[in-house]
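Beneath this line is the structure, given in structure tokens, with notes to follow.
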Amino acid sequence: MRRVRNVAGVMVVVAMLAGAGRGTAGEGSVWGSQWVGGQQLPKTFGIGLTVYEQRQAYKLDRLTIGIPGFDNLPLDRLEIDNRIREVDGQFDAWLLPFLNVMLIGGEIDGRTVVDFRNLSLPFPLDRVTVDYTGEVYGGGVNFAGGNERIFGSVYTLWTRTNLSGDFDSEADAFVVMPRFGLHDERGAVWLGAMYQQTDEHHAGIIALPFVGRVPFSVELSQKHDWNGLVGIHAALDAHFNLELEGGFGDRRSASATVTWRF
């Protein structure tokens, strides 16, 4: 596993719609199946595995380094590029025909590159690279509705990430993903968007070229709040489902989820 080194850090959080393996009315939600008449509902429970990759720009909200003059840097001129891979296990349940709840837990592995070349510094400093790993856990709520051909949903997720390495690091995230699409007994396609709000703090001792080891503290957040989503779902059989989703725009991503519903 890779460890954090040098400066800064990042996390991301991701969630997918709960898989919708089709059953007959009454095999779906725990309560309220009678409210939707004879419509088909997802099987009540799901256990899944998601692999997620993402790349986006970040910004520094605050940077403190134990070097005179560093606190007055124009932080808006820093370019920060982040790439991550996250593997999550998840358990979800349809409590009502329109309400799904989910718990997730997994691991994140990523890299953040901070480019200092646009700043005038008293010593040469090019790019600083952060490699990190950590544990992600959280929960989400999905509100969904539709008819035999059209559906809409809004997924909301809260997560916390414990980043391990040489720094004292933690991160909280809030994600909202509205989606709208078409579906039938074979699967679904959709368009949507992702809103992501992250709050991160990292502190410790950093080794800088020509300077040595100095204390630092940094706070980060996403540079862009929204990006687009496009996805496809396939019911492989009565229990197994496959979902693929890609993000485009200011935040690019790709994910694959396999879910077993029962």
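For the structure tokens, the naming scheme is as follows: chains receive sequential letters (A, B, ...) according to their order of presentation, residues are indexed from 1 within each chain, and ligands are indexed from 1 in presentation order.
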In stretch 12-259 of chain A, what's strand (DSSP E or B) per DSSP? Answer as number ranges by chain? A: 22, 42, 45-65, 79-96, 99-115, 127-146, 150-165, 168-184, 187-208, 212-222, 226-235, 240-248, 251-259
Might you pull out every residue within 7 Å of A:Thr259, with only C-alpha atoms counted and same-chain residues fewer than 5 positions away left off, and present them as a list in words? Gly19, Gly46, Ile47, Gly48, Leu49, Phe240, Asn241 and Leu242 of chain A
Identify, on the basis of only C-alpha atoms, every residue whose closest approach to stretch 110-125 of chain A does not exceed 8 Å; exclude the query and any residue fewer than 3 positions from it along the same chain; express the result as a ChimeraX atom specification. /A:7-10,73-74,77-85,128-133,209-210
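Proximity to A:Phe143 at 8 Å, evaluated using only C-alpha atoms and with sequence-adjacent residues fewer than 4 positions away removed, yields Phe98, Leu99, Asn100, Ser153, Val154 and Tyr155 of chain A.
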Within 7 Å of stretch 172-187 of chain A, counting only C-alpha atoms, which residues show up once you throw out same-chain ones fewer than 3 positions away? Write them as JSON, numbers by chain, please. {"A": [13, 22, 148, 149, 150, 151, 152, 153, 154, 155, 156, 157, 158, 159, 160, 161, 190, 191, 192, 193, 194, 195, 196, 197, 198, 199, 200, 233, 234, 235]}
Contacts of A:Glu243 at 6 Å or less, counting only C-alpha atoms, minus same-chain residues fewer than 2 places along, as an mmCIF file with N, CA and C atoms, in the first residue's frame?
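around.cif was written with the following content:
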```
data_model
loop_
_atom_site.group_PDB
_atom_site.id
_atom_site.type_symbol
_atom_site.label_atom_id
_atom_site.label_comp_id
_atom_site.auth_asym_id
_atom_site.auth_seq_id
_atom_site.Cartn_x
_atom_site.Cartn_y
_atom_site.Cartn_z
ATOM 1 N N ILE A 232 -25.524 2.831 -17.173
ATOM 2 C CA ILE A 232 -26.311 1.725 -17.705
ATOM 3 C C ILE A 232 -26.372 0.623 -16.656
ATOM 4 N N HIS A 233 -27.520 -0.029 -16.560
ATOM 5 C CA HIS A 233 -27.743 -1.128 -15.625
ATOM 6 C C HIS A 233 -28.238 -2.341 -16.398
ATOM 7 N N ALA A 256 -17.834 0.629 -11.729
ATOM 8 C CA ALA A 256 -18.506 -0.631 -12.044
ATOM 9 C C ALA A 256 -18.983 -1.245 -10.733
ATOM 10 N N THR A 257 -20.265 -1.677 -10.704
ATOM 11 C CA THR A 257 -20.858 -2.247 -9.509
ATOM 12 C C THR A 257 -21.536 -3.576 -9.843
#
```
I need the residue nearest A:Tyr58 from this list: A:Ile108, A:Val189, A:Leu75, A:Leu229. Use only C-alpha atoms for the distance. A:Leu75
Counting only C-alpha atoms, which of A:Asp61, A:Asp168, A:Asp76, A:Asp237 gets nearest to A:Leu220? A:Asp61
If DSSP is run on the backbone, what residues of stretch 50-170 of chain A are helix (DSSP H, G or I)? A reply as a ChimeraX atom specification would be ideal. /A:70-72,75-77
File dump, residues just selected, N, CA and C atoms, as a compact mmCIF listing (two decimals), in the first residue's frame:
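This is the output file out.txt:
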```
# COMPACT_ATOMS: atom_id res chain seq x y z
N PHE A 70 5.45 32.05 3.77
CA PHE A 70 4.63 31.03 3.11
C PHE A 70 3.15 31.23 3.37
N ASP A 71 2.80 31.85 4.49
CA ASP A 71 1.38 32.03 4.81
C ASP A 71 0.69 33.03 3.90
N ASN A 72 1.43 33.83 3.16
CA ASN A 72 0.85 34.86 2.31
C ASN A 72 0.83 34.48 0.83
N LEU A 75 -3.05 31.35 -2.90
CA LEU A 75 -3.43 29.96 -3.02
C LEU A 75 -4.26 29.67 -4.27
N ASP A 76 -4.96 30.69 -4.79
CA ASP A 76 -5.79 30.46 -5.97
C ASP A 76 -4.97 30.18 -7.22
N ARG A 77 -3.66 30.42 -7.17
CA ARG A 77 -2.80 30.16 -8.33
C ARG A 77 -2.21 28.76 -8.31
```
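Comparing the minimum interatomic distances between A:Ile206 and each of A:Ile67, A:Ala238, A:Leu95, A:Leu60, counting only C-alpha atoms, we find that A:Ile67 sits nearest.
Across A:Trp226, A:Trp260, A:Phe45, A:Tyr52, the tightest approach to A:Leu103 is made by A:Phe45 when counting only C-alpha atoms.
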